[in-house]
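Novice: Quick one: structure below, then a few questions.
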Amino acid sequence: MTSADEIRDVQRAAWAGLSAGWEKWDSIIMDQLGPVGAAIIERLDIAEDHQHLDIASGTGEPGLSIARVLPKGRVVLTDLVPEMLDIAVRRARAQGIANIETEVCSADDLPFDDASFDSVSVRFGYMFFPDMAKATAEFARVLKPGGRLCSSVWIKPEKNPWTTIAMQAIATEAVPAPPDPDRPNMFRCAAPGYVTALYEAAGLRDVVEWDVDVELVTRSPAQYWEMMSEHVSLAVAALQQVDESARERIRAAAIANVSAFEKDGKVRVPGVARCIVGTAGTDRTRTE
Ligand SMILES: C[S@@+](CC[C@H](N)C(=O)[O-])C[C@H]1O[C@@H](n2cnc3c(N)ncnc32)[C@H](O)[C@@H]1O
């Protein structure tokens, strides 16, 4: 088995396991990530009859929001994990969105013809791909000339207390493995210019990066911990390594630390994402 196959297998199992948490905490997660989806949509230059491809759609965003602004077009939602796309289909039905299709596939091996989409979005998917350069080459391949790719990744942990509070609490009981830059982790694409370099190597032009603020809002510190421990890949994986009493101490530490963010009867923890937009050129040669 190649390491790419192994990474896909690990990701498939991890996200199948996380899917219930994503459905349970849907409204809090979508409120937190909503500004990033809006920023992506704004730069995609969408017209009402466009064909749009959403990569690593998970439970459906930003693909479903894009489908709403394409009354004469269609959105193809894709993800490695069928359990996540099943939730996206349920959410689409609940929202009365019909102009979508779903396809289970890996970002680095897309089952679509060259130049078949007007735009491509990837919200918080890049860091999980086995081969990010190959995936970006695939996005450039399926884009029509002049079509836009817009994605988002998390920037450095210090700017994302919504996740570092949980990770610091976990680190009091479990020593996290040092991140391997060749394997998926939440902050793998955090360095400024990292995704820009991938876009440019795939032949995209006019590449621009900008930061977008987010805020995780829960009704209490206890709810913050409950949702973090049920849907964030890093936290769920780390908690599986420790026993019940350690999990209880971690919970107490996280709740104590996040209390500093209580304001007006809610817990509001900030974070920052980076969005990256680029345009497919007419020249499809790339450095692979
Ligand atoms: C953090 S979720 C993002 C979901 C959604 N785009 C959002 O922003 O709400 C990451 C998603 O990447 C998917 N994923 C992981 N590896 C993948 C791969 N190789 N190809 C496509 N999707 C992948 C996971 O299954 C998961 O649904």
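Going by the structure tokens order, chains are called A, B, ..., each with residues numbered from 1, while ligands are numbered from 1 in the order shown.
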For A:Ala13, find every residue with an atom within 12 Å (counting only C-alpha atoms), except residues of its own chain fewer than 5 positions away, and show them as a list in words.

Specialist: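 Final neighbour list, sorted by chain and number: Glu6, Ile7, Arg8, Leu18, Ser19, Leu80, Val81, Pro82, Glu83, Met84, Ser233 and Ala237 of chain A.
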
Novice: As a PyMOL selection string, list the residues of stretch 41-286 of chain A assigned to strand (DSSP E) by DSSP on the backbone atoms of this structure.

Specialist: chain A and resi 51-55+74-79+100-104+117-123+143-154+204-218+262-263+266-280

Novice: Check every protein, DNA and RNA residue against ligand 1, keep those with an atom at most 6 Å away (counting only C-alpha atoms and all ligand atoms), and present them as a PyMOL selection string.

Specialist: chain A and resi 8+11+15+56-59+61+79-81+84+106-107+123-125+128-129

Novice: Work out how far apart atom CA of A:Ala133 and atom CA of A:Pro184 are and give it in Å to one decimal.

Specialist: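 Rounded to one decimal, the two atoms are 13.6 Å apart.
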
Novice: Based on the backbone DSSP call, show me all residues of stretch 21-130 of chain A assigned helix (DSSP H, G or I), as number ranges by chain.

Specialist: A: 21-24, 26-43, 63-68, 82-94, 126-128

Novice: Save out the residues we just selected, N, CA and C atoms, as a CSV table (one decimal), in the first residue's frame.

Specialist:
```
chain,number,residue,atom,x,y,z
A,21,GLY,N,-20.7,13.6,15.0
A,21,GLY,CA,-20.4,14.9,15.7
A,21,GLY,C,-20.7,16.1,14.8
A,22,TRP,N,-20.3,16.0,13.6
A,22,TRP,CA,-20.5,17.2,12.7
A,22,TRP,C,-22.0,17.4,12.5
A,23,GLU,N,-22.8,16.3,12.4
A,23,GLU,CA,-24.3,16.5,12.3
A,23,GLU,C,-24.9,17.0,13.5
A,24,LYS,N,-24.4,16.5,14.7
A,24,LYS,CA,-25.0,16.9,16.0
A,24,LYS,C,-24.7,18.4,16.2
A,26,ASP,N,-24.0,20.7,14.0
A,26,ASP,CA,-24.1,21.4,12.7
A,26,ASP,C,-24.3,23.0,12.8
A,27,SER,N,-25.2,23.4,13.6
A,27,SER,CA,-25.5,24.8,13.6
A,27,SER,C,-24.4,25.7,14.2
A,28,ILE,N,-23.7,25.1,15.2
A,28,ILE,CA,-22.6,25.9,15.8
A,28,ILE,C,-21.4,25.9,14.9
A,29,ILE,N,-21.1,24.8,14.2
A,29,ILE,CA,-20.0,24.7,13.3
A,29,ILE,C,-20.3,25.6,12.1
A,30,MET,N,-21.5,25.6,11.6
A,30,MET,CA,-21.8,26.4,10.4
A,30,MET,C,-21.7,27.9,10.7
A,31,ASP,N,-22.2,28.2,11.9
A,31,ASP,CA,-22.1,29.7,12.3
A,31,ASP,C,-20.6,30.1,12.4
A,32,GLN,N,-19.8,29.2,13.0
A,32,GLN,CA,-18.4,29.5,13.1
A,32,GLN,C,-17.7,29.7,11.7
A,33,LEU,N,-17.9,28.8,10.8
A,33,LEU,CA,-17.2,28.7,9.6
A,33,LEU,C,-17.9,29.6,8.5
A,34,GLY,N,-19.1,30.1,8.8
A,34,GLY,CA,-19.9,30.9,7.8
A,34,GLY,C,-19.1,32.0,7.2
A,35,PRO,N,-18.4,32.8,7.9
A,35,PRO,CA,-17.7,34.0,7.3
A,35,PRO,C,-16.6,33.5,6.3
A,36,VAL,N,-16.1,32.3,6.5
A,36,VAL,CA,-15.1,31.8,5.5
A,36,VAL,C,-15.8,31.4,4.2
A,37,GLY,N,-17.0,30.7,4.4
A,37,GLY,CA,-17.7,30.3,3.2
A,37,GLY,C,-18.1,31.6,2.4
A,38,ALA,N,-18.6,32.6,3.1
A,38,ALA,CA,-19.0,33.8,2.5
A,38,ALA,C,-17.8,34.5,1.7
A,39,ALA,N,-16.6,34.5,2.3
A,39,ALA,CA,-15.4,35.1,1.7
A,39,ALA,C,-15.1,34.3,0.4
A,40,ILE,N,-15.2,33.0,0.5
A,40,ILE,CA,-14.9,32.1,-0.7
A,40,ILE,C,-15.9,32.5,-1.8
A,41,ILE,N,-17.1,32.5,-1.5
A,41,ILE,CA,-18.2,32.7,-2.5
A,41,ILE,C,-18.0,34.1,-3.2
A,42,GLU,N,-17.6,35.1,-2.4
A,42,GLU,CA,-17.5,36.4,-2.9
A,42,GLU,C,-16.4,36.5,-4.0
A,43,ARG,N,-15.3,35.7,-3.8
A,43,ARG,CA,-14.2,35.8,-4.8
A,43,ARG,C,-14.3,34.8,-6.0
A,63,GLY,N,-20.6,24.4,-0.7
A,63,GLY,CA,-21.3,24.0,-1.9
A,63,GLY,C,-22.8,24.3,-1.8
A,64,LEU,N,-23.5,24.0,-0.7
A,64,LEU,CA,-24.9,24.3,-0.6
A,64,LEU,C,-25.3,25.8,-0.8
A,65,SER,N,-24.5,26.6,-0.1
A,65,SER,CA,-24.7,28.1,-0.3
A,65,SER,C,-24.5,28.5,-1.7
A,66,ILE,N,-23.5,27.9,-2.4
A,66,ILE,CA,-23.3,28.3,-3.8
A,66,ILE,C,-24.4,27.8,-4.6
A,67,ALA,N,-25.0,26.6,-4.4
A,67,ALA,CA,-26.1,26.1,-5.1
A,67,ALA,C,-27.3,27.1,-5.1
A,68,ARG,N,-27.4,27.8,-3.9
A,68,ARG,CA,-28.6,28.7,-3.8
A,68,ARG,C,-28.4,29.9,-4.7
A,82,PRO,N,-18.4,8.9,2.3
A,82,PRO,CA,-19.8,8.9,2.0
A,82,PRO,C,-20.7,9.3,3.2
A,83,GLU,N,-20.3,9.0,4.4
A,83,GLU,CA,-21.1,9.4,5.6
A,83,GLU,C,-21.2,10.9,5.7
A,84,MET,N,-20.1,11.6,5.3
A,84,MET,CA,-20.2,13.1,5.4
A,84,MET,C,-21.2,13.6,4.3
A,85,LEU,N,-21.1,13.0,3.1
A,85,LEU,CA,-21.9,13.5,2.0
A,85,LEU,C,-23.4,13.1,2.2
A,86,ASP,N,-23.7,12.0,3.0
A,86,ASP,CA,-25.1,11.7,3.3
A,86,ASP,C,-25.7,12.8,4.1
A,87,ILE,N,-24.9,13.4,5.0
A,87,ILE,CA,-25.4,14.5,5.8
A,87,ILE,C,-25.6,15.7,4.9
A,88,ALA,N,-24.7,16.0,4.0
A,88,ALA,CA,-24.9,17.1,3.0
A,88,ALA,C,-26.2,16.9,2.3
A,89,VAL,N,-26.5,15.7,1.9
A,89,VAL,CA,-27.8,15.5,1.1
A,89,VAL,C,-29.0,15.7,2.0
A,90,ARG,N,-28.9,15.3,3.3
A,90,ARG,CA,-30.0,15.6,4.2
A,90,ARG,C,-30.2,17.1,4.5
A,91,ARG,N,-29.0,17.8,4.6
A,91,ARG,CA,-29.1,19.2,4.8
A,91,ARG,C,-29.7,19.9,3.5
A,92,ALA,N,-29.3,19.4,2.3
A,92,ALA,CA,-29.8,20.0,1.1
A,92,ALA,C,-31.4,19.9,1.1
A,93,ARG,N,-31.8,18.7,1.4
A,93,ARG,CA,-33.3,18.4,1.4
A,93,ARG,C,-34.0,19.3,2.3
A,94,ALA,N,-33.4,19.4,3.6
A,94,ALA,CA,-34.0,20.3,4.6
A,94,ALA,C,-34.1,21.7,4.2
A,126,TYR,N,-7.8,21.1,2.3
A,126,TYR,CA,-6.4,20.9,1.8
A,126,TYR,C,-5.5,20.1,2.7
A,127,MET,N,-5.6,20.4,4.0
A,127,MET,CA,-4.6,19.8,4.9
A,127,MET,C,-4.8,18.3,5.1
A,128,PHE,N,-5.9,17.8,4.5
A,128,PHE,CA,-6.1,16.3,4.7
A,128,PHE,C,-5.8,15.5,3.5
```

Novice: Just give me the gap between atom CA of A:Ser220 and atom CA of A:Arg249 in Å, one decimal is fine.

Specialist: 17.9 Å

Novice: Find, counting only C-alpha atoms, the residue in A:Pro176, A:Gly60, A:Ile255, A:Ile46 that gets nearest to A:Gly73.

Specialist: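 Going through A:Pro176, A:Gly60, A:Ile255, A:Ile46 one by one, the smallest distance to A:Gly73 is for A:Ile46.
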
Novice: What's around stretch 109-117 of chain A at 12 Å? Count only C-alpha atoms, leave out sequence neighbours fewer than 3 positions away in its own chain, and write the answer as a PyMOL selection string.

Specialist: chain A and resi 4-5+8+44+46+49-56+73-80+102-106+120-121+129-149+280-282+284

Novice: With distances taken over only C-alpha atoms, which of A:Val175, A:Ala16, A:Arg251, A:Ala202 is nearest to A:Trp225?

Specialist: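 Looking at the shortest contact to A:Trp225, the residue is A:Arg251.
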
Novice: Give me, please, the distance in Å between atom CA of A:Glu101 and atom CA of A:Gly17, quoted to one decimal.

Specialist: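 So the two atoms, atom CA of A:Glu101 and atom CA of A:Gly17, lie 23.2 Å apart.
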
Novice: List the neighbours of A:Ala197 out to 12 Å using only C-alpha atoms; skip same-chain residues closer than 5 positions along the sequence, and give me the result as a list in words.

Specialist: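 Final neighbour list, sorted by chain and number: Met132, Ala133, Thr136, Ala137, Cys189, Ala191, Pro192, Ala202, Gly203, Leu204, Arg205, Asp206, Val207, Val208, Glu209, Ile276, Val277, Gly278 and Thr287 of chain A.
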
Novice: What does the file look like for those residues with all heavy atoms, as a compact mmCIF listing (two decimals), in the first residue's frame?

Specialist:
```txt
# COMPACT_ATOMS: atom_id res chain seq x y z
N MET A 132 -1.03 17.20 -1.92
CA MET A 132 -1.70 18.49 -2.15
C MET A 132 -1.37 19.06 -3.53
O MET A 132 -2.18 19.73 -4.15
CB MET A 132 -1.32 19.47 -1.04
CG MET A 132 -1.88 19.04 0.31
SD MET A 132 -1.46 20.18 1.63
CE MET A 132 0.24 19.75 1.88
N ALA A 133 -0.13 18.78 -4.03
CA ALA A 133 0.24 19.28 -5.36
C ALA A 133 -0.59 18.58 -6.44
O ALA A 133 -1.09 19.22 -7.38
CB ALA A 133 1.73 19.06 -5.60
N THR A 136 -4.10 19.91 -6.37
CA THR A 136 -4.21 21.25 -6.99
C THR A 136 -4.15 21.14 -8.51
O THR A 136 -4.86 21.85 -9.23
CB THR A 136 -3.11 22.19 -6.47
OG1 THR A 136 -3.02 22.04 -5.05
CG2 THR A 136 -3.42 23.64 -6.80
N ALA A 137 -3.30 20.23 -9.00
CA ALA A 137 -3.23 20.01 -10.45
C ALA A 137 -4.58 19.50 -10.97
O ALA A 137 -5.01 19.87 -12.07
CB ALA A 137 -2.11 19.01 -10.77
N CYS A 189 -0.99 23.64 6.44
CA CYS A 189 -0.93 24.66 5.37
C CYS A 189 -0.87 26.06 5.96
O CYS A 189 -1.19 27.04 5.29
CB CYS A 189 -2.15 24.55 4.48
SG CYS A 189 -2.36 22.94 3.72
N ALA A 191 1.56 28.11 6.95
CA ALA A 191 2.60 29.10 6.61
C ALA A 191 2.11 30.03 5.50
O ALA A 191 1.55 29.57 4.51
CB ALA A 191 3.86 28.38 6.17
N PRO A 192 2.34 31.35 5.66
CA PRO A 192 1.94 32.27 4.59
C PRO A 192 2.58 31.85 3.27
O PRO A 192 3.75 31.47 3.24
CB PRO A 192 2.49 33.63 5.06
CG PRO A 192 2.70 33.49 6.52
CD PRO A 192 2.98 32.04 6.79
N ALA A 202 0.61 24.74 -10.09
CA ALA A 202 -0.41 24.10 -10.94
C ALA A 202 -0.82 25.00 -12.10
O ALA A 202 -1.76 24.67 -12.83
CB ALA A 202 -1.63 23.75 -10.08
N GLY A 203 -0.15 26.15 -12.25
CA GLY A 203 -0.42 27.02 -13.40
C GLY A 203 -1.50 28.06 -13.18
O GLY A 203 -1.92 28.74 -14.12
N LEU A 204 -1.99 28.20 -11.93
CA LEU A 204 -3.00 29.23 -11.67
C LEU A 204 -2.33 30.60 -11.60
O LEU A 204 -1.16 30.71 -11.20
CB LEU A 204 -3.73 28.94 -10.36
CG LEU A 204 -4.53 27.63 -10.37
CD1 LEU A 204 -5.01 27.29 -8.97
CD2 LEU A 204 -5.73 27.73 -11.31
N ARG A 205 -3.06 31.63 -11.99
CA ARG A 205 -2.48 32.99 -11.99
C ARG A 205 -3.31 33.90 -11.09
O ARG A 205 -4.39 33.52 -10.63
CB ARG A 205 -2.38 33.53 -13.41
CG ARG A 205 -3.70 33.59 -14.12
CD ARG A 205 -3.57 34.20 -15.52
NE ARG A 205 -4.77 33.96 -16.30
CZ ARG A 205 -5.91 34.61 -16.18
NH1 ARG A 205 -6.05 35.59 -15.31
NH2 ARG A 205 -6.96 34.31 -16.92
N ASP A 206 -2.78 35.13 -10.89
CA ASP A 206 -3.47 36.14 -10.06
C ASP A 206 -3.85 35.57 -8.69
O ASP A 206 -4.98 35.72 -8.22
CB ASP A 206 -4.74 36.65 -10.77
CG ASP A 206 -4.45 37.23 -12.13
OD1 ASP A 206 -3.33 37.74 -12.33
OD2 ASP A 206 -5.33 37.17 -13.01
N VAL A 207 -2.89 34.90 -8.07
CA VAL A 207 -3.19 34.25 -6.79
C VAL A 207 -3.10 35.28 -5.66
O VAL A 207 -2.13 36.04 -5.56
CB VAL A 207 -2.21 33.08 -6.54
CG1 VAL A 207 -2.56 32.37 -5.22
CG2 VAL A 207 -2.25 32.09 -7.70
N VAL A 208 -4.13 35.29 -4.82
CA VAL A 208 -4.18 36.25 -3.70
C VAL A 208 -4.59 35.48 -2.43
O VAL A 208 -5.47 34.63 -2.48
CB VAL A 208 -5.23 37.36 -3.99
CG1 VAL A 208 -5.35 38.32 -2.80
CG2 VAL A 208 -4.88 38.12 -5.26
N GLU A 209 -3.92 35.81 -1.33
CA GLU A 209 -4.27 35.24 -0.01
C GLU A 209 -4.79 36.35 0.88
O GLU A 209 -4.26 37.46 0.84
CB GLU A 209 -3.01 34.72 0.70
CG GLU A 209 -2.33 33.57 0.05
CD GLU A 209 -1.28 32.92 0.99
OE1 GLU A 209 -0.91 33.53 2.02
OE2 GLU A 209 -0.87 31.80 0.67
N ILE A 276 -7.52 31.59 -0.13
CA ILE A 276 -6.59 31.73 -1.26
C ILE A 276 -7.40 31.57 -2.55
O ILE A 276 -8.08 30.56 -2.73
CB ILE A 276 -5.48 30.63 -1.23
CG1 ILE A 276 -4.85 30.55 0.16
CG2 ILE A 276 -4.42 30.92 -2.29
CD1 ILE A 276 -5.43 29.54 1.10
N VAL A 277 -7.32 32.59 -3.43
CA VAL A 277 -8.02 32.51 -4.71
C VAL A 277 -7.02 32.55 -5.85
O VAL A 277 -5.96 33.18 -5.73
CB VAL A 277 -9.07 33.66 -4.83
CG1 VAL A 277 -8.41 35.03 -4.96
CG2 VAL A 277 -10.03 33.42 -5.99
N GLY A 278 -7.32 31.86 -6.94
CA GLY A 278 -6.48 31.90 -8.14
C GLY A 278 -7.33 31.62 -9.35
O GLY A 278 -8.46 31.12 -9.24
N THR A 287 4.23 22.87 -13.60
CA THR A 287 5.43 22.19 -13.12
C THR A 287 5.00 21.12 -12.12
O THR A 287 4.60 21.44 -11.02
CB THR A 287 6.35 23.21 -12.41
OG1 THR A 287 5.55 23.93 -11.50
CG2 THR A 287 7.01 24.14 -13.38
```

Novice: List the spatial neighbours of A:Gly265 as a PyMOL selection string - criterion: any atom at most 12 Å away, only C-alpha atoms, same-chain residues fewer than 6 positions off excluded.

Specialist: chain A and resi 217-221+259

Novice: Given the choices A:Val232, A:Ala190, A:Leu239, A:Ile165, which gets closest to A:Ala254 if the distance is worked out from only C-alpha atoms?

Specialist: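 Closest to A:Ala254 of all the choices is A:Ile165.
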
Novice: Nearest residue to A:Arg188 out of A:Met167, A:Val153, A:Val272, A:Val212, using only C-alpha atoms?

Specialist: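 Using only C-alpha atoms, the shortest distance to A:Arg188 belongs to A:Val153.
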
Novice: Have a look at A:Ala47, A:Ala166, A:Val122, A:Ile100 and name the one nearest to A:Met228; count only C-alpha atoms.

Specialist: A:Ala166
